[in-house]
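Student: Structure supplied as start_37.txt; contents: compact mmCIF, C-alpha atoms.
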# COMPACT_ATOMS: atom_id res chain seq x y z
CA MET A 1 20.60 17.59 49.19
CA THR A 2 17.71 15.68 50.71
CA GLU A 3 17.99 12.15 52.01
CA PRO A 4 16.47 9.53 49.69
CA ASP A 5 13.06 8.41 50.90
CA PRO A 6 13.45 4.86 52.33
CA LEU A 7 10.15 3.84 50.75
CA GLU A 8 11.29 5.09 47.36
CA THR A 9 14.53 3.14 47.78
CA GLU A 10 12.58 0.05 48.77
CA LEU A 11 10.24 0.40 45.81
CA SER A 12 13.16 0.86 43.44
CA SER A 13 14.68 -2.37 44.69
CA LEU A 14 11.65 -4.31 43.48
CA ARG A 15 12.21 -5.67 40.01
CA PRO A 16 9.15 -5.93 37.79
CA TYR A 17 8.90 -8.76 35.31
CA GLY A 18 10.70 -7.90 32.11
CA PRO A 19 9.40 -8.46 28.61
CA SER A 20 9.53 -12.08 27.55
CA THR A 21 11.72 -13.31 24.72
CA GLU A 22 8.51 -14.01 22.81
CA LEU A 23 7.57 -10.34 23.05
CA LYS A 24 11.01 -9.33 21.81
CA ARG A 25 10.68 -11.74 18.91
CA ARG A 26 7.26 -10.38 17.94
CA ILE A 27 8.45 -6.79 18.10
CA GLY A 28 11.54 -7.74 16.09
CA GLU A 29 9.31 -9.27 13.41
CA GLN A 30 7.18 -6.16 13.22
CA LEU A 31 10.15 -3.85 13.09
CA ALA A 32 12.06 -5.91 10.55
CA PRO A 33 12.90 -3.80 7.49
CA ARG A 34 9.73 -3.65 5.47
CA ARG A 35 11.71 -3.19 2.28
CA SER A 36 12.43 -6.91 1.99
CA ARG A 37 8.76 -7.74 2.54
CA ARG A 38 7.75 -5.17 -0.06
CA LEU A 39 10.38 -6.48 -2.45
CA TRP A 40 9.02 -10.00 -2.15
CA THR A 41 5.52 -8.71 -2.77
CA VAL A 42 6.65 -6.93 -5.92
CA VAL A 43 8.59 -9.99 -7.09
CA ALA A 44 5.57 -12.22 -6.50
CA ALA A 45 3.26 -9.83 -8.33
CA VAL A 46 5.60 -9.47 -11.33
CA GLY A 47 6.12 -13.24 -11.41
CA SER A 48 2.39 -13.87 -11.44
CA VAL A 49 1.81 -11.42 -14.27
CA ALA A 50 4.68 -12.93 -16.28
CA ALA A 51 3.31 -16.43 -15.73
CA CYS A 52 -0.11 -15.32 -16.94
CA ILE A 53 1.38 -13.73 -20.08
CA VAL A 54 3.39 -16.87 -20.86
CA ALA A 55 0.33 -19.04 -20.29
CA VAL A 56 -1.77 -16.89 -22.65
CA ILE A 57 0.92 -17.01 -25.34
CA LEU A 58 1.37 -20.76 -25.06
CA LEU A 59 -2.29 -21.66 -24.94
CA ARG A 60 -3.47 -19.28 -27.66
CA PRO A 61 -3.97 -21.03 -31.03
CA PRO A 62 -1.80 -19.54 -33.81
CA ALA A 63 -3.74 -17.10 -35.99
CA ASN A 64 -2.74 -18.83 -39.25
CA ASP A 65 -3.80 -22.18 -37.85
CA ILE A 66 -7.50 -21.46 -38.39
CA VAL A 67 -7.73 -22.17 -42.10
CA LYS A 68 -4.70 -23.02 -44.10
CA GLN A 69 -5.52 -25.21 -46.99
CA ALA A 70 -3.67 -26.12 -50.09
CA PRO A 71 -4.86 -24.66 -53.40
CA VAL A 72 -7.60 -26.72 -54.95
CA HIS A 73 -7.18 -27.73 -58.59
CA LEU A 74 -10.41 -28.51 -60.36
CA GLU A 75 -10.48 -29.96 -63.80
CA PRO A 76 -13.14 -28.26 -65.89
CA ALA A 77 -15.30 -30.29 -68.28
CA ASN A 78 -14.16 -28.40 -71.43
CA ASP A 79 -10.71 -27.38 -72.70
CA SER A 80 -10.46 -24.21 -70.69
CA PRO A 81 -7.47 -23.92 -68.38
CA PRO A 82 -7.80 -25.55 -64.98
CA ILE A 83 -9.49 -23.50 -62.34
CA VAL A 84 -7.27 -22.84 -59.37
CA ILE A 85 -9.02 -21.69 -56.28
CA GLU A 86 -6.71 -20.35 -53.66
CA SER A 87 -7.65 -20.89 -50.06
CA SER A 88 -7.68 -17.68 -48.10
CA ASP A 89 -8.25 -16.21 -44.78
CA ILE A 90 -11.44 -17.24 -43.04
CA ALA A 91 -12.48 -13.64 -42.81
CA ASP A 92 -12.71 -13.49 -46.62
CA ALA A 93 -14.94 -16.55 -46.63
CA PHE A 94 -17.53 -14.60 -44.70
CA ASP A 95 -17.17 -11.34 -46.59
CA GLY A 96 -20.63 -10.54 -47.98
CA SER A 97 -19.22 -8.61 -50.93
CA LEU A 98 -17.42 -11.68 -52.32
CA PRO A 99 -19.15 -14.48 -54.20
CA THR A 100 -18.64 -17.07 -51.49
CA PHE A 101 -20.71 -20.09 -50.58
CA TRP A 102 -21.74 -18.32 -47.42
CA THR A 103 -22.90 -15.22 -49.34
CA TYR A 104 -25.02 -17.35 -51.70
CA SER A 105 -26.43 -19.44 -48.87
CA ARG A 106 -27.57 -16.30 -47.16
CA ALA A 107 -29.08 -14.89 -50.30
CA LEU A 108 -30.89 -18.18 -50.98
CA ALA A 109 -32.38 -18.19 -47.51
CA ASP A 110 -33.64 -14.64 -47.96
CA PRO A 111 -37.34 -14.75 -48.95
CA SER A 112 -37.07 -11.40 -50.77
CA HIS A 113 -35.31 -13.10 -53.74
CA LYS A 114 -31.96 -11.45 -53.26
CA LEU A 115 -30.28 -14.37 -54.98
CA ASP A 116 -31.11 -12.98 -58.44
CA GLU A 117 -29.72 -9.57 -57.50
CA LEU A 118 -26.57 -11.16 -56.19
CA LEU A 119 -26.08 -13.29 -59.31
CA ASP A 120 -26.55 -10.22 -61.51
CA LYS A 121 -24.13 -8.24 -59.43
CA HIS A 122 -21.40 -10.85 -59.50
CA SER A 123 -21.88 -11.60 -63.22
CA VAL A 124 -21.31 -7.91 -63.93
CA THR A 125 -18.32 -7.49 -61.64
CA ILE A 126 -16.50 -10.57 -62.96
CA GLN A 127 -16.18 -9.16 -66.45
CA PRO A 128 -12.86 -9.60 -68.29
CA ALA A 129 -12.79 -5.82 -68.78
CA ASP A 130 -11.95 -5.52 -65.18
CA GLN A 131 -8.43 -6.75 -65.58
CA ARG A 132 -7.87 -7.16 -61.91
CA GLY A 133 -9.37 -10.60 -61.83
CA TRP A 134 -11.34 -11.93 -58.90
CA GLN A 135 -10.00 -14.14 -56.27
CA VAL A 136 -12.85 -16.48 -55.55
CA VAL A 137 -12.70 -17.66 -52.03
CA PHE A 138 -13.92 -21.08 -51.02
CA LEU A 139 -13.12 -23.34 -48.20
CA MET A 140 -12.65 -27.05 -48.73
CA SER A 141 -15.77 -27.63 -46.70
CA ASP A 142 -17.65 -25.32 -49.06
CA LEU A 143 -16.53 -27.21 -52.09
CA LYS A 144 -17.13 -30.74 -50.95
CA PRO A 145 -20.90 -30.70 -51.55
CA ILE A 146 -20.45 -29.43 -55.08
CA ALA A 147 -17.13 -31.07 -56.00
CA GLY A 148 -18.94 -33.93 -57.68
CA GLU A 149 -20.21 -31.63 -60.45
CA PHE A 150 -16.70 -31.03 -61.76
CA MET B 1 19.08 8.72 17.40
CA THR B 2 20.43 6.08 15.07
CA ASN B 3 18.35 3.95 12.77
CA GLY B 4 20.25 0.72 13.45
CA SER B 5 18.06 -2.37 13.45
CA GLU B 6 19.33 -3.30 16.94
CA GLU B 7 18.72 0.14 18.40
CA TRP B 8 15.18 -0.76 19.39
CA THR B 9 16.42 -3.62 21.58
CA LYS B 10 18.34 -1.13 23.70
CA TRP B 11 15.13 0.80 24.27
CA LEU B 12 13.23 -2.35 25.11
CA ASP B 13 15.94 -3.58 27.48
CA ARG B 14 16.01 -0.20 29.19
CA HIS B 15 12.24 0.33 29.52
CA GLY B 16 10.63 -3.07 28.86
CA ALA B 17 10.04 -4.11 32.48
CA ALA B 18 8.59 -0.72 33.46
CA LEU B 19 6.41 -0.71 30.35
CA VAL B 20 4.97 -4.14 31.11
CA LEU B 21 4.37 -3.07 34.71
CA LEU B 22 2.70 0.13 33.52
CA ALA B 23 0.45 -1.78 31.13
CA ARG B 24 -0.57 -4.07 33.97
CA GLN B 25 -2.10 -1.11 35.76
CA TRP B 26 -4.97 -1.41 33.26
CA VAL B 27 -4.87 -5.01 32.04
CA LEU B 28 -4.70 -7.89 34.47
CA ARG B 29 -2.96 -10.59 32.51
CA ARG B 30 0.74 -10.43 31.83
CA ALA B 31 0.16 -11.80 28.34
CA ASP B 32 -2.29 -8.97 27.62
CA ALA B 33 0.19 -6.48 29.02
CA GLU B 34 2.82 -7.80 26.64
CA ASP B 35 0.41 -7.41 23.74
CA VAL B 36 -0.11 -3.82 24.83
CA VAL B 37 3.63 -3.21 25.04
CA GLN B 38 4.12 -4.75 21.62
CA ASP B 39 1.57 -2.48 19.95
CA ALA B 40 2.75 0.57 21.86
CA PHE B 41 6.41 -0.06 21.21
CA VAL B 42 5.94 -0.58 17.48
CA ARG B 43 3.79 2.56 17.31
CA PHE B 44 6.45 4.47 19.25
CA TRP B 45 9.35 3.19 17.19
CA ARG B 46 7.80 4.23 13.92
CA ALA B 47 7.01 7.72 15.21
CA ARG B 48 9.98 8.32 17.50
CA GLU B 49 11.74 10.74 15.18
CA ARG B 50 8.71 12.97 14.92
CA VAL B 51 8.21 13.48 18.64
CA ALA B 52 10.03 15.93 20.87
CA GLU B 53 10.25 13.66 23.90
CA PRO B 54 10.48 10.01 22.78
CA THR B 55 10.61 8.46 26.26
CA ALA B 56 7.49 10.28 27.40
CA TYR B 57 5.79 9.39 24.13
CA LEU B 58 6.63 5.70 24.63
CA TYR B 59 5.01 5.61 28.07
CA GLY B 60 2.05 7.56 26.77
CA CYS B 61 1.64 5.03 23.97
CA VAL B 62 1.58 2.19 26.49
CA LYS B 63 -1.14 3.89 28.49
CA ASN B 64 -3.24 4.57 25.39
CA CYS B 65 -2.85 1.02 24.07
CA ALA B 66 -3.70 -0.43 27.46
CA LEU B 67 -6.84 1.69 27.67
CA GLU B 68 -7.81 0.61 24.14
CA LEU B 69 -7.38 -3.04 25.10
CA ARG B 70 -9.35 -2.56 28.29
CA ARG B 71 -12.18 -0.87 26.38
CA SER B 72 -12.33 -3.72 23.89
CA ALA B 73 -12.14 -6.25 26.73
CA SER B 74 -15.04 -4.57 28.50
CA ARG B 75 -17.19 -5.35 25.47
CA ARG B 76 -16.70 -9.07 26.07
CA SER B 77 -19.19 -10.88 28.20
CA ALA B 78 -18.65 -11.03 31.96
CA ARG B 79 -18.31 -14.79 31.66
CA GLU B 80 -15.43 -14.53 29.26
CA GLN B 81 -13.70 -11.97 31.45
CA SER B 82 -13.99 -14.02 34.59
CA ALA B 83 -12.64 -17.03 32.73
CA ALA B 84 -9.70 -14.95 31.55
CA ARG B 85 -8.96 -13.46 34.95
CA PRO B 86 -5.62 -14.74 36.21
CA GLU B 87 -5.50 -16.42 39.57
CA ALA B 88 -2.37 -14.64 40.77
CA GLU B 89 0.16 -13.11 38.46
CA ALA B 90 2.71 -11.22 40.46
CA LEU B 91 3.88 -7.78 39.42
CA PHE B 92 7.39 -8.22 40.75
CA LEU B 93 9.99 -10.93 40.63
CA GLY B 94 10.03 -13.01 43.79
CA THR B 95 6.70 -11.76 45.08
CA LEU B 96 5.24 -15.23 45.38
CA GLU B 97 8.29 -16.53 47.18
CA ALA B 98 7.38 -15.99 50.81
CA ASN B 99 8.54 -12.40 50.74
CA GLU B 100 5.81 -10.87 52.82
CA ARG B 101 7.05 -7.33 52.59
CA CYS B 102 7.22 -7.50 48.84
CA ALA B 103 3.73 -8.98 48.65
CA ALA B 104 2.43 -6.26 50.97
CA ILE B 105 3.91 -3.53 48.76
CA GLU B 106 2.33 -5.08 45.73
CA ALA B 107 -1.04 -5.31 47.41
CA ALA B 108 -0.81 -1.69 48.55
CA LEU B 109 0.23 -0.59 45.09
CA VAL B 110 -2.79 -2.27 43.50
CA GLU B 111 -5.09 -0.36 45.86
CA LEU B 112 -3.77 3.06 44.87
CA PRO B 113 -5.93 5.27 42.68
CA GLU B 114 -5.13 4.71 39.02
CA ASN B 115 -3.87 8.25 38.37
CA GLN B 116 -1.42 8.04 41.29
CA ARG B 117 -0.27 4.54 40.48
CA GLU B 118 0.65 5.39 36.89
CA VAL B 119 2.78 8.32 38.06
CA LEU B 120 4.48 6.15 40.65
CA VAL B 121 5.31 3.44 38.12
CA MET B 122 6.72 5.93 35.64
CA LYS B 123 8.78 7.67 38.32
CA ILE B 124 10.12 4.68 40.26
CA TRP B 125 10.52 1.97 37.64
CA GLY B 126 10.57 4.02 34.46
CA GLU B 127 12.86 6.62 36.03
CA LEU B 128 11.10 9.40 34.20
CA THR B 129 11.34 12.98 35.36
CA PHE B 130 8.21 14.88 36.33
CA PRO B 131 8.30 16.92 33.12
CA GLN B 132 8.48 13.66 31.13
CA ILE B 133 5.60 12.17 33.14
CA ALA B 134 3.68 15.38 32.53
CA ILE B 135 4.11 15.00 28.77
CA ALA B 136 3.21 11.30 28.82
CA LEU B 137 0.02 11.84 30.80
CA GLU B 138 -0.81 15.26 29.39
CA ILE B 139 -0.87 16.89 32.78
CA SER B 140 1.29 19.57 34.35
CA ALA B 141 4.60 18.67 35.98
CA ASP B 142 3.27 20.02 39.27
CA THR B 143 0.26 17.72 39.08
CA ALA B 144 2.54 14.80 38.34
CA ALA B 145 4.72 15.65 41.34
CA SER B 146 1.77 16.04 43.68
CA ARG B 147 0.21 12.76 42.54
CA TYR B 148 3.52 11.10 43.20
CA ARG B 149 3.67 12.50 46.73
CA TYR B 150 0.08 11.38 47.39
CA ALA B 151 0.92 7.91 46.11
CA LEU B 152 3.91 7.58 48.40
CA ALA B 153 1.93 8.83 51.37
CA LYS B 154 -0.87 6.35 50.74
CA LEU B 155 1.54 3.52 50.27
CA ARG B 156 3.25 4.37 53.50
CA GLU B 157 -0.11 4.46 55.26
CA LYS B 158 -1.23 1.12 53.86
CA LEU B 159 2.04 -0.55 54.64
CA ALA B 160 1.86 0.76 58.19
CA GLU B 161 -1.63 -0.72 58.53
CA GLU B 162 -0.37 -3.98 57.16
CA SER B 163 2.52 -4.13 59.64
CA ILE B 164 0.09 -3.51 62.56
CA ARG B 165 -1.98 -6.52 61.50
Re-express the file's structure as structure tokens.

Tutor:
Amino acid sequence: MTEPDPLETELSSLRPYGPSTELKRRIGEQLAPRRSRRLWTVVAAVGSVAACIVAVILLRPPANDIVKQAPVHLEPANDSPPIVIESSDIADAFDGSLPTFWTYSRALADPSHKLDELLDKHSVTIQPADQRGWQVVFLMSDLKPIAGEF
Amino acid sequence: MTNGSEEWTKWLDRHGAALVLLARQWVLRRADAEDVVQDAFVRFWRARERVAEPTAYLYGCVKNCALELRRSASRRSAREQSAARPEAEALFLGTLEANERCAAIEAALVELPENQREVLVMKIWGELTFPQIAIALEISADTAASRYRYALAKLREKLAEESIR
């Protein structure tokens, strides 16, 4: 067995500076279980999505809140039974196949005289032979300009 | 090797001082050396189960991280570097306290060629074997041993010169 080199022994006796507590803390932070960090990320993401969904639900206007009007009773000039016009969904009010105010306004604005065709069409389709009966759709705002005639 | 969360502190307590000293062979400031050790240690810890010789890998990581930092530092302007250069940050505890012999050893160590100094640090303060040093530095064990012998010889020579003065 060889004698230890005195220089080696002397060098070994020198103590280099150790890592600071700050370094240990930083390494500890980096080596901390990543699961908890990932879990918090997932929780935050899910929470954000849930908050967005709740916000959309709360802020969205109810679908049946668009047009919901009471039935309009109009007294006709003669002895015929009263005309009852049921309010309906706004989509029906803009259905071109129905005799609505909007349909007639469009036809009137058309320079190719489609109004006559439309009147003919509706006068034929609203025959008593067709026992189904038509549901004439008007909005209150549609009727106001012409309500004075009744 | 266990996966306990405190296991890494045992590694750092065992090798931390040698790792900081090794990093300081390439970066001057102690704070920079600690940054190097931090990056290297985290890299090592996450890969330790995939390497055959973890201790050698740890020291190799420190060298690589230190070289990366030095390369990025060399891109800075000379003015910035001179401003960042430390006045005198000792390598060893007590060096600045009127211990002339200790200061002489440190000065002689700094003058060694880089490839000899790194072997010396790993052998003396890291207590690595030559095969481990060989793995860390990607050289043969014989080369590591011969560099170590050259380093000791040069140190002896420089210290002898110093004592004559």

Student: Suppose you want the space between atom CA of Glu138 of chain B and atom CA of Ala33 of chain B; what is it in Å?

Tutor: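 So the answer is 21.8 Å.
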
Student: Give me, as a tab-separated table, each residue of chain A that comes within 6 Å of chain B, together with its shortest interatomic pair and the distance in Å at one decimal, counting only C-alpha atoms, with rows ordered by chain and rising residue number.

Tutor:
residue	atom	partner	partner_atom	distance
A:Ser12	CA	B:Ile124	CA	5.8
A:Arg15	CA	B:Phe92	CA	5.5
A:Pro16	CA	B:Phe92	CA	4.1
A:Tyr17	CA	B:Ala17	CA	5.6
A:Gly18	CA	B:Ala17	CA	3.9
A:Pro19	CA	B:Gly16	CA	5.5
A:Ile27	CA	B:Gln38	CA	5.9

Student: Would you mind reading off the distance between atom CA of Ala73 of chain B and atom CA of Leu28 of chain B, one decimal, in Å?

Tutor: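 Straight-line distance from atom CA of Ala73 of chain B to atom CA of Leu28 of chain B works out to 10.9 Å.
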
Student: State, in Å with one decimal place, the distance from atom CA of Tyr104 of chain A to atom CA of Asp120 of chain A.

Tutor: 12.2 Å

Student: Hey, which of B:Thr129, B:Ser74, B:Asn64, B:Gln25 ends up closest to Ala40 of chain B? Count only C-alpha atoms.

Tutor: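 Among the listed residues, the smallest separation from Ala40 of chain B belongs to B:Asn64.
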
Student: Which of these, B:Glu89, B:Glu118, B:Leu112, B:Val51, has the shortest distance to Ala23 of chain B once you count only C-alpha atoms?

Tutor: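 Closest to Ala23 of chain B, using only C-alpha atoms: B:Glu118.
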